[in-house]
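Peer 1: For reference, the file entry.cif (mmCIF, C-alpha atoms) is included below:
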```cif
data_data
loop_
_atom_site.label_atom_id
_atom_site.label_comp_id
_atom_site.auth_asym_id
_atom_site.auth_seq_id
_atom_site.Cartn_x
_atom_site.Cartn_y
_atom_site.Cartn_z
CA MET A 109 47.04 122.75 151.37
CA ALA A 110 48.25 126.33 151.14
CA ARG A 111 51.59 127.20 152.72
CA LYS A 112 51.63 125.72 156.23
CA LYS A 113 54.16 125.39 159.03
CA THR A 114 53.29 121.76 159.75
CA PHE A 115 51.41 118.89 158.14
CA ALA A 116 48.81 118.87 160.93
CA GLY A 117 45.34 118.13 159.58
CA THR A 118 46.61 116.98 156.19
CA VAL A 119 46.73 113.65 154.36
CA THR A 120 49.68 112.72 152.14
CA LEU A 121 49.71 109.82 149.68
CA ILE A 122 53.21 108.53 148.94
CA THR A 123 54.05 105.95 146.27
CA GLY A 124 57.23 103.92 146.63
CA ALA A 125 56.78 104.27 150.39
CA SER A 126 58.28 100.94 151.44
CA SER A 127 61.91 102.12 151.60
CA GLY A 128 64.39 104.91 151.02
CA ILE A 129 63.12 108.45 150.50
CA GLY A 130 59.47 107.36 150.48
CA ALA A 131 59.60 105.65 153.88
CA ALA A 132 61.74 108.39 155.43
CA LEU A 133 59.40 111.09 154.15
CA ALA A 134 56.38 109.25 155.56
CA ARG A 135 58.01 109.26 158.99
CA GLU A 136 58.95 112.93 158.68
CA ILE A 137 55.45 114.00 157.67
CA ALA A 138 53.98 112.02 160.57
CA ARG A 139 56.51 113.60 162.92
CA ARG A 140 55.19 116.97 161.77
CA GLY A 141 51.59 116.02 162.46
CA GLY A 142 50.37 114.63 159.13
CA ASP A 143 48.48 111.44 158.27
CA VAL A 144 49.83 109.25 155.49
CA ALA A 145 48.64 106.74 152.91
CA LEU A 146 51.55 104.43 152.08
CA ALA A 147 51.58 102.82 148.64
CA ALA A 148 54.08 100.30 147.25
CA ARG A 149 54.35 96.70 146.08
CA ARG A 150 55.92 95.33 149.29
CA GLU A 151 52.87 95.30 151.53
CA GLU A 152 54.58 93.69 154.52
CA ARG A 153 57.02 96.59 154.72
CA LEU A 154 54.17 99.06 154.48
CA GLU A 155 52.37 97.37 157.36
CA THR A 156 55.47 97.66 159.53
CA LEU A 157 55.91 101.33 158.62
CA SER A 158 52.25 102.13 159.20
CA GLY A 159 52.55 100.55 162.65
CA GLU A 160 55.49 102.87 163.42
CA ILE A 161 53.50 105.89 162.35
CA ARG A 162 50.41 104.92 164.32
CA ALA A 163 52.67 104.55 167.36
CA MET A 164 53.63 108.20 166.78
CA GLY A 165 49.97 109.16 167.14
CA GLN A 166 49.17 109.68 163.45
CA ARG A 167 46.90 107.78 161.12
CA ALA A 168 48.50 105.56 158.48
CA LEU A 169 47.14 103.25 155.81
CA ALA A 170 49.15 100.56 153.97
CA LEU A 171 48.05 100.09 150.36
CA ARG A 172 49.54 97.62 147.95
CA CYS A 173 50.04 99.39 144.65
CA ASP A 174 52.00 98.70 141.48
CA VAL A 175 52.13 101.97 139.52
CA THR A 176 52.89 100.06 136.30
CA ARG A 177 49.45 98.43 136.36
CA ASP A 178 46.46 100.27 134.97
CA GLY A 179 43.87 100.77 137.67
CA ASP A 180 46.14 100.32 140.70
CA ALA A 181 46.67 104.06 141.25
CA GLU A 182 42.94 104.76 140.98
CA GLU A 183 42.14 101.99 143.47
CA THR A 184 44.82 103.26 145.85
CA ALA A 185 43.51 106.82 145.68
CA ALA A 186 39.94 105.61 146.25
CA LYS A 187 40.94 103.67 149.37
CA ALA A 188 42.88 106.64 150.75
CA ARG A 189 39.94 108.93 150.01
CA GLU A 190 37.54 106.55 151.74
CA ALA A 191 39.76 106.16 154.81
CA PHE A 192 40.74 109.79 155.31
CA GLY A 193 38.08 111.77 153.48
CA ARG A 194 40.60 113.83 151.53
CA ILE A 195 44.04 113.90 149.95
CA ASP A 196 46.09 117.07 150.40
CA CYS A 197 49.48 116.05 149.08
CA VAL A 198 50.64 113.41 146.61
CA VAL A 199 54.27 112.32 146.36
CA ALA A 200 54.99 110.38 143.16
CA ASN A 201 58.12 108.67 144.40
CA ALA A 202 58.00 105.13 142.97
CA GLY A 203 60.89 104.50 140.62
CA PHE A 204 64.05 102.53 139.81
CA GLY A 205 67.00 102.73 137.44
CA VAL A 206 67.81 100.73 134.30
CA LEU A 207 71.56 100.81 133.70
CA GLY A 208 73.64 99.82 130.71
CA ARG A 209 75.00 101.16 127.47
CA LEU A 210 72.80 101.29 124.41
CA GLU A 211 74.35 98.22 122.79
CA ASN A 212 73.55 96.15 125.87
CA LEU A 213 69.92 97.23 126.25
CA THR A 214 66.74 96.40 124.36
CA LEU A 215 63.65 98.42 123.59
CA GLU A 216 61.93 96.42 126.33
CA ASP A 217 64.47 97.74 128.86
CA TYR A 218 63.57 101.31 127.90
CA ARG A 219 59.84 100.54 127.99
CA ARG A 220 60.19 99.00 131.45
CA GLN A 221 62.03 102.09 132.67
CA PHE A 222 59.39 104.46 131.35
CA GLU A 223 56.51 102.30 132.56
CA THR A 224 57.54 102.92 136.17
CA ASN A 225 59.37 106.26 136.16
CA VAL A 226 57.16 108.14 133.69
CA PHE A 227 53.83 106.40 133.14
CA GLY A 228 53.73 105.35 136.80
CA VAL A 229 54.01 109.02 137.72
CA LEU A 230 51.31 109.92 135.21
CA ARG A 231 48.97 107.23 136.55
CA THR A 232 49.47 108.62 140.05
CA VAL A 233 48.82 112.20 138.93
CA MET A 234 45.72 111.34 136.93
CA ALA A 235 44.27 109.29 139.78
CA THR A 236 44.61 112.14 142.29
CA ARG A 237 44.39 115.42 140.38
CA LYS A 238 40.75 116.03 141.35
CA ASP A 239 41.57 115.41 145.01
CA LEU A 240 44.39 117.94 144.87
CA ALA A 241 42.20 120.51 143.15
CA ALA A 242 39.52 120.01 145.81
CA SER A 243 42.02 120.54 148.64
CA SER A 244 44.19 123.15 146.88
CA GLY A 245 46.88 120.60 147.53
CA CYS A 246 50.44 119.91 146.52
CA LEU A 247 51.83 117.51 143.92
CA VAL A 248 55.40 116.37 144.53
CA LEU A 249 57.40 114.71 141.75
CA ILE A 250 60.69 113.01 142.51
CA GLY A 251 63.20 113.79 139.79
CA SER A 252 66.97 113.36 139.87
CA VAL A 253 70.22 115.18 139.23
CA ASN A 254 70.28 112.83 136.23
CA GLY A 255 67.29 114.78 134.95
CA TYR A 256 69.83 117.53 134.27
CA ILE A 257 73.00 115.55 133.66
CA ALA A 258 73.27 112.39 131.55
CA GLN A 259 76.35 110.20 131.54
CA PRO A 260 77.39 106.98 129.83
CA GLY A 261 75.43 103.93 130.87
CA ILE A 262 72.28 105.65 132.17
CA SER A 263 70.45 106.69 129.01
CA ALA A 264 67.21 104.93 130.01
CA TYR A 265 67.17 106.36 133.53
CA ALA A 266 68.26 109.85 132.44
CA MET A 267 65.58 109.93 129.73
CA SER A 268 62.92 109.05 132.28
CA LYS A 269 64.01 111.74 134.72
CA PHE A 270 64.33 114.42 132.01
CA ALA A 271 60.72 113.53 131.18
CA VAL A 272 59.62 113.91 134.82
CA HIS A 273 61.28 117.34 134.98
CA GLY A 274 59.42 118.43 131.86
CA LEU A 275 56.17 117.11 133.30
CA ALA A 276 56.70 119.09 136.50
CA ASP A 277 57.35 122.31 134.58
CA SER A 278 54.22 121.88 132.47
CA LEU A 279 51.92 120.84 135.30
CA ARG A 280 53.09 123.75 137.44
CA HIS A 281 51.42 126.07 134.92
CA GLU A 282 48.39 123.86 134.27
CA LEU A 283 47.50 123.22 137.90
CA ARG A 284 48.17 126.68 139.32
CA PRO A 285 44.69 127.99 138.37
CA HIS A 286 43.24 125.13 140.44
CA GLY A 287 45.26 126.14 143.50
CA VAL A 288 47.57 123.13 143.24
CA GLY A 289 51.27 123.59 143.88
CA VAL A 290 53.83 121.45 142.05
CA VAL A 291 57.16 120.72 143.74
CA LEU A 292 60.00 119.01 141.88
CA ILE A 293 62.49 117.27 144.16
CA VAL A 294 65.91 116.68 142.60
CA PRO A 295 67.93 114.24 144.72
CA GLY A 296 71.62 113.63 144.34
CA TYR A 297 72.99 110.55 146.08
CA VAL A 298 70.66 109.66 148.95
CA GLU A 299 70.71 106.55 151.14
CA SER A 300 68.40 104.21 149.25
CA GLU A 301 67.84 100.71 147.91
CA ILE A 302 67.56 101.95 144.32
CA ARG A 303 71.15 100.99 143.50
CA LYS A 304 70.44 97.41 144.64
CA VAL A 305 67.54 96.97 142.21
CA ASP A 306 68.36 95.32 138.88
CA ASN A 307 67.12 96.23 135.41
CA LEU A 308 64.07 94.01 135.87
CA GLY A 309 63.06 95.89 139.02
CA VAL A 310 64.12 93.08 141.36
CA TYR A 311 65.70 94.05 144.69
CA HIS A 312 68.95 92.29 145.67
CA PRO A 313 69.71 92.98 149.35
CA GLU A 314 73.16 91.39 149.05
CA ALA A 315 74.25 93.71 146.23
CA ARG A 316 77.00 96.24 146.95
CA ASP A 317 76.08 99.90 146.63
CA ARG A 318 78.43 101.36 144.04
CA ILE A 319 78.28 104.80 145.70
CA PRO A 320 80.55 105.30 148.74
CA PRO A 321 78.54 105.95 151.93
CA ARG A 322 80.36 109.25 152.48
CA LEU A 323 78.71 110.63 149.32
CA CYS A 324 75.18 109.55 150.28
CA MET A 325 72.92 111.80 152.34
CA PRO A 326 71.03 109.88 155.04
CA ALA A 327 67.41 109.37 154.03
CA PRO A 328 65.98 111.10 157.15
CA LYS A 329 68.01 114.24 156.42
CA ALA A 330 66.81 114.25 152.81
CA ALA A 331 63.23 113.72 154.00
CA SER A 332 63.46 116.74 156.29
CA GLN A 333 64.55 118.93 153.38
CA ILE A 334 61.80 117.54 151.16
CA ALA A 335 59.18 118.20 153.83
CA ASP A 336 60.39 121.81 154.10
CA ALA A 337 60.10 122.21 150.32
CA ILE A 338 56.55 120.82 150.33
CA LEU A 339 55.38 123.13 153.09
CA ALA A 340 56.96 126.12 151.33
CA ARG A 341 55.64 124.97 147.94
CA GLN A 342 59.14 125.49 146.60
CA GLY A 343 59.10 124.97 142.84
CA THR A 344 62.32 122.96 142.67
CA ARG A 345 64.54 121.69 145.48
CA VAL A 346 67.90 120.04 144.81
CA ILE A 347 68.92 117.67 147.59
CA THR A 348 72.57 117.10 148.68
CA GLY A 349 75.55 119.41 148.35
CA LEU A 350 77.08 117.40 145.52
CA GLY A 351 73.76 117.50 143.71
CA LYS A 352 73.59 121.29 144.00
CA VAL A 353 77.13 121.70 142.72
CA SER A 354 76.45 119.34 139.81
CA VAL A 355 73.25 121.11 138.73
CA PHE A 356 74.86 124.55 139.10
CA THR A 357 77.83 123.45 136.99
CA GLN A 358 75.59 122.00 134.29
CA ARG A 359 73.61 125.25 134.10
CA HIS A 360 76.51 127.69 134.15
CA LEU A 361 79.56 125.70 133.02
CA PRO A 362 78.17 122.98 130.74
CA GLY A 363 81.55 122.49 129.11
CA VAL A 364 82.96 121.20 132.38
CA ILE A 365 80.23 118.57 132.63
CA ALA A 366 80.73 117.63 128.97
CA ARG A 367 84.39 116.91 129.68
CA LEU A 368 83.77 115.03 132.92
CA ALA A 369 80.72 112.93 132.02
CA PRO A 370 82.52 110.45 129.71
CA ARG A 371 84.93 109.66 132.55
CA ILE A 372 82.15 108.90 135.03
CA GLY A 373 80.72 105.74 133.55
CA VAL A 374 78.23 103.60 135.40
CA PRO A 375 79.38 100.03 136.13
CA ARG A 376 77.54 97.22 134.42
CA ARG A 377 75.20 95.10 136.51
CA LYS A 378 73.26 91.93 135.95
CA GLY A 379 69.56 91.91 135.13
#
```
Would you mind writing the file out in structure tokens?
Peer 2:
Amino acid sequence: MARKKTFAGTVTLITGASSGIGAALAREIARRGGDVALAARREERLETLSGEIRAMGQRALALRCDVTRDGDAEETAAKAREAFGRIDCVVANAGFGVLGRLENLTLEDYRRQFETNVFGVLRTVMATRKDLAASSGCLVLIGSVNGYIAQPGISAYAMSKFAVHGLADSLRHELRPHGVGVVLIVPGYVESEIRKVDNLGVYHPEARDRIPPRLCMPAPKAASQIADAILARQGTRVITGLGKVSVFTQRHLPGVIARLAPRIGVPRRKG
């Protein structure tokens, strides 16, 4: 999947595709002519989304997958390979956030965070790396502004996203000789269910999003920017204006972030 203007003729596998950025990106890729393999734990949502995409004239496959379970990613990749014959792009998007200060967390909380956000990404990469090498494809890792900036109450989440950023930088060098591009997406606040998921990974639809809507970029807008970055094989793409300002400030004026971060604590939540 060398640089292209559209996704026509390509197959993209997306984990965490049942909501938020993953679902919006699936729609955007289909809108631009691509076929999609949709992977997540909530199969009923995937079936609904795949129906939407087929109605757009593109092929879609719903695949139940839990990236924290050994073997699930391999089985998912095999089914996508069998259905479509190839995989050109892989978006490792599945993830959630464990919140809380150190004294309120356990080692198990940190393990749970890394099992999804880090080892889940690794399982996805390892299950599809040969497919991407065969298609000269593109690997997309979803990082976070919190992979650059850590603040009180998000040590587990920030650690996991710092790790994903390091993985992207390393794999960019390792996979280049195989013709595989690596794109790191760095979202700021995007419309998503992630802030309604507790520390055990359970979704609470009734929970209040702690981020004001005016600060959240709509998921379809974020998906459009992500799709552009994939097609351009842009090494790193920061999403949202606030995200860009935050990353720029951390890089060039770290003292400002050091003074502000302690004042921007993350509220406690149950679970």
Peer 1: Any chance you could work out the residue set of the PyMOL selection byres ((chain A and resi 183) around 12) here, as a PDB file with C-alpha atoms, in the frame of the given file?
Peer 2:
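File written: result32.pdb
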```pdb
ATOM      1  CA  ALA A 147      51.580 102.820 148.640  1.00  0.00           C
ATOM      2  CA  LEU A 171      48.050 100.090 150.360  1.00  0.00           C
ATOM      3  CA  ARG A 172      49.540  97.620 147.950  1.00  0.00           C
ATOM      4  CA  CYS A 173      50.040  99.390 144.650  1.00  0.00           C
ATOM      5  CA  ASP A 174      52.000  98.700 141.480  1.00  0.00           C
ATOM      6  CA  VAL A 175      52.130 101.970 139.520  1.00  0.00           C
ATOM      7  CA  ARG A 177      49.450  98.430 136.360  1.00  0.00           C
ATOM      8  CA  ASP A 178      46.460 100.270 134.970  1.00  0.00           C
ATOM      9  CA  GLY A 179      43.870 100.770 137.670  1.00  0.00           C
ATOM     10  CA  ASP A 180      46.140 100.320 140.700  1.00  0.00           C
ATOM     11  CA  ALA A 181      46.670 104.060 141.250  1.00  0.00           C
ATOM     12  CA  GLU A 182      42.940 104.760 140.980  1.00  0.00           C
ATOM     13  CA  THR A 184      44.820 103.260 145.850  1.00  0.00           C
ATOM     14  CA  ALA A 185      43.510 106.820 145.680  1.00  0.00           C
ATOM     15  CA  ALA A 186      39.940 105.610 146.250  1.00  0.00           C
ATOM     16  CA  LYS A 187      40.940 103.670 149.370  1.00  0.00           C
ATOM     17  CA  ALA A 188      42.880 106.640 150.750  1.00  0.00           C
ATOM     18  CA  ARG A 189      39.940 108.930 150.010  1.00  0.00           C
ATOM     19  CA  GLU A 190      37.540 106.550 151.740  1.00  0.00           C
ATOM     20  CA  ARG A 231      48.970 107.230 136.550  1.00  0.00           C
ATOM     21  CA  THR A 232      49.470 108.620 140.050  1.00  0.00           C
ATOM     22  CA  MET A 234      45.720 111.340 136.930  1.00  0.00           C
ATOM     23  CA  ALA A 235      44.270 109.290 139.780  1.00  0.00           C
ATOM     24  CA  THR A 236      44.610 112.140 142.290  1.00  0.00           C
TER      25      THR A 236
END
```
Peer 1: With the file shown as input, list the residues that the PyMOL selection byres ((chain A and resi 283-286) around 10) selects, as a short mmCIF file (atom, residue, chain, number, x, y, z; two decimals) with C-alpha atoms, in the frame of the given file.
Peer 2:
```cif
data_model
loop_
_atom_site.label_atom_id
_atom_site.label_comp_id
_atom_site.auth_asym_id
_atom_site.auth_seq_id
_atom_site.Cartn_x
_atom_site.Cartn_y
_atom_site.Cartn_z
CA ARG A 237 44.39 115.42 140.38
CA LYS A 238 40.75 116.03 141.35
CA LEU A 240 44.39 117.94 144.87
CA ALA A 241 42.20 120.51 143.15
CA ALA A 242 39.52 120.01 145.81
CA SER A 243 42.02 120.54 148.64
CA SER A 244 44.19 123.15 146.88
CA GLY A 245 46.88 120.60 147.53
CA CYS A 246 50.44 119.91 146.52
CA LEU A 247 51.83 117.51 143.92
CA SER A 278 54.22 121.88 132.47
CA LEU A 279 51.92 120.84 135.30
CA ARG A 280 53.09 123.75 137.44
CA HIS A 281 51.42 126.07 134.92
CA GLU A 282 48.39 123.86 134.27
CA GLY A 287 45.26 126.14 143.50
CA VAL A 288 47.57 123.13 143.24
CA GLY A 289 51.27 123.59 143.88
CA VAL A 290 53.83 121.45 142.05
#
```
Peer 1: Give me the residues within 7 Å of Gly203 of chain A as a PDB file with C-alpha atoms, keeping the file's coordinate frame, counting only C-alpha atoms and dropping any in the same chain fewer than 2 places off.
Peer 2:
```
ATOM      1  CA  ASN A 201      58.120 108.670 144.400  1.00  0.00           C
ATOM      2  CA  THR A 224      57.540 102.920 136.170  1.00  0.00           C
ATOM      3  CA  ASN A 225      59.370 106.260 136.160  1.00  0.00           C
TER       4      ASN A 225
END
```
Peer 1: Excluding Leu249 of chain A and any residue of its chain fewer than 6 positions from it, enumerate the residues within 10 Å of it, using only C-alpha atoms, and give them as a PDB file with C-alpha atoms, in the coordinates of the input.
Peer 2:
```pdb
ATOM      1  CA  VAL A 198      50.640 113.410 146.610  1.00  0.00           C
ATOM      2  CA  VAL A 199      54.270 112.320 146.360  1.00  0.00           C
ATOM      3  CA  ALA A 200      54.990 110.380 143.160  1.00  0.00           C
ATOM      4  CA  ASN A 201      58.120 108.670 144.400  1.00  0.00           C
ATOM      5  CA  ALA A 202      58.000 105.130 142.970  1.00  0.00           C
ATOM      6  CA  VAL A 229      54.010 109.020 137.720  1.00  0.00           C
ATOM      7  CA  VAL A 233      48.820 112.200 138.930  1.00  0.00           C
ATOM      8  CA  VAL A 272      59.620 113.910 134.820  1.00  0.00           C
ATOM      9  CA  HIS A 273      61.280 117.340 134.980  1.00  0.00           C
ATOM     10  CA  LEU A 275      56.170 117.110 133.300  1.00  0.00           C
ATOM     11  CA  ALA A 276      56.700 119.090 136.500  1.00  0.00           C
ATOM     12  CA  VAL A 290      53.830 121.450 142.050  1.00  0.00           C
ATOM     13  CA  VAL A 291      57.160 120.720 143.740  1.00  0.00           C
ATOM     14  CA  LEU A 292      60.000 119.010 141.880  1.00  0.00           C
ATOM     15  CA  ILE A 293      62.490 117.270 144.160  1.00  0.00           C
ATOM     16  CA  VAL A 294      65.910 116.680 142.600  1.00  0.00           C
ATOM     17  CA  THR A 344      62.320 122.960 142.670  1.00  0.00           C
TER      18      THR A 344
END
```
Peer 1: Would you translate the PyMOL selection byres ((chain A and resi 157-162) around 12) into the concrete set of residues it matches in this file, as a ChimeraX atom specification?
Peer 2: /A:125-128,130-148,150-156,163-171
Peer 1: Return as AutoDock Vina command-line options the box centre and box size in Å, one decimal, for an axis-aligned box around all listed atoms of segment 198-209 of chain A padded by 6 Å per side.
Peer 2:
```
--center_x 62.8 --center_y 106.6 --center_z 137.0 --size_x 36.4 --size_y 25.6 --size_z 31.1
```
Peer 1: What is the distance, in Å and to one decimal place, between atom CA of Ala327 of chain A and atom CA of Ile302 of chain A?
Peer 2: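 Computed distance, atom CA of Ala327 of chain A to atom CA of Ile302 of chain A, equals 12.2 Å.
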Peer 1: What gap, in Å, lies between atom CA of Val226 of chain A and atom CA of Ile122 of chain A?
Peer 2: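 Atom-to-atom, atom CA of Val226 of chain A and atom CA of Ile122 of chain A are spaced 15.8 Å apart.
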Peer 1: So how many Å separate atom CA of Ala340 of chain A and atom CA of Tyr265 of chain A, to one decimal?
Peer 2: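 The value is 28.5 Å.
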Peer 1: Between A:Asp217, A:Asp336, A:Asp239, A:Asp277, single out the one closest to Gly309 of chain A, counting all atoms listed in the file.
Peer 2: A:Asp217
Peer 1: I'd like to know which of A:Leu339, A:Ile250, A:Val346, A:Leu361 is closest to Gly124 of chain A, using all atoms listed in the file.
Peer 2: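 Under the stated criterion, the closest residue is A:Ile250.
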Peer 1: Using only C-alpha atoms, find the one residue out of A:Thr176, A:Thr120, A:Ser252, A:Gln221 that sits nearest to Val355 of chain A.
Peer 2: A:Ser252
Peer 1: Of the residues A:Gly349, A:Val305, A:Ala337, A:Val298, which is the one nearest to Pro321 of chain A, using all atoms listed in the file?
Peer 2: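 Smallest separation from Pro321 of chain A among the options: A:Val298.
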Peer 1: Go through A:Ala315, A:Arg359, A:Pro326, A:Gly251 and flag the residue nearest Glu299 of chain A, using all atoms listed in the file for the distances.
Peer 2: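 Residue with the minimum atom-to-atom distance to Glu299 of chain A: A:Pro326.
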Peer 1: So, with all atoms listed in the file as the atoms that count, which of A:Val310, A:Leu350, A:Arg318, A:Gly208 lies closest to Arg149 of chain A?
Peer 2: A:Val310
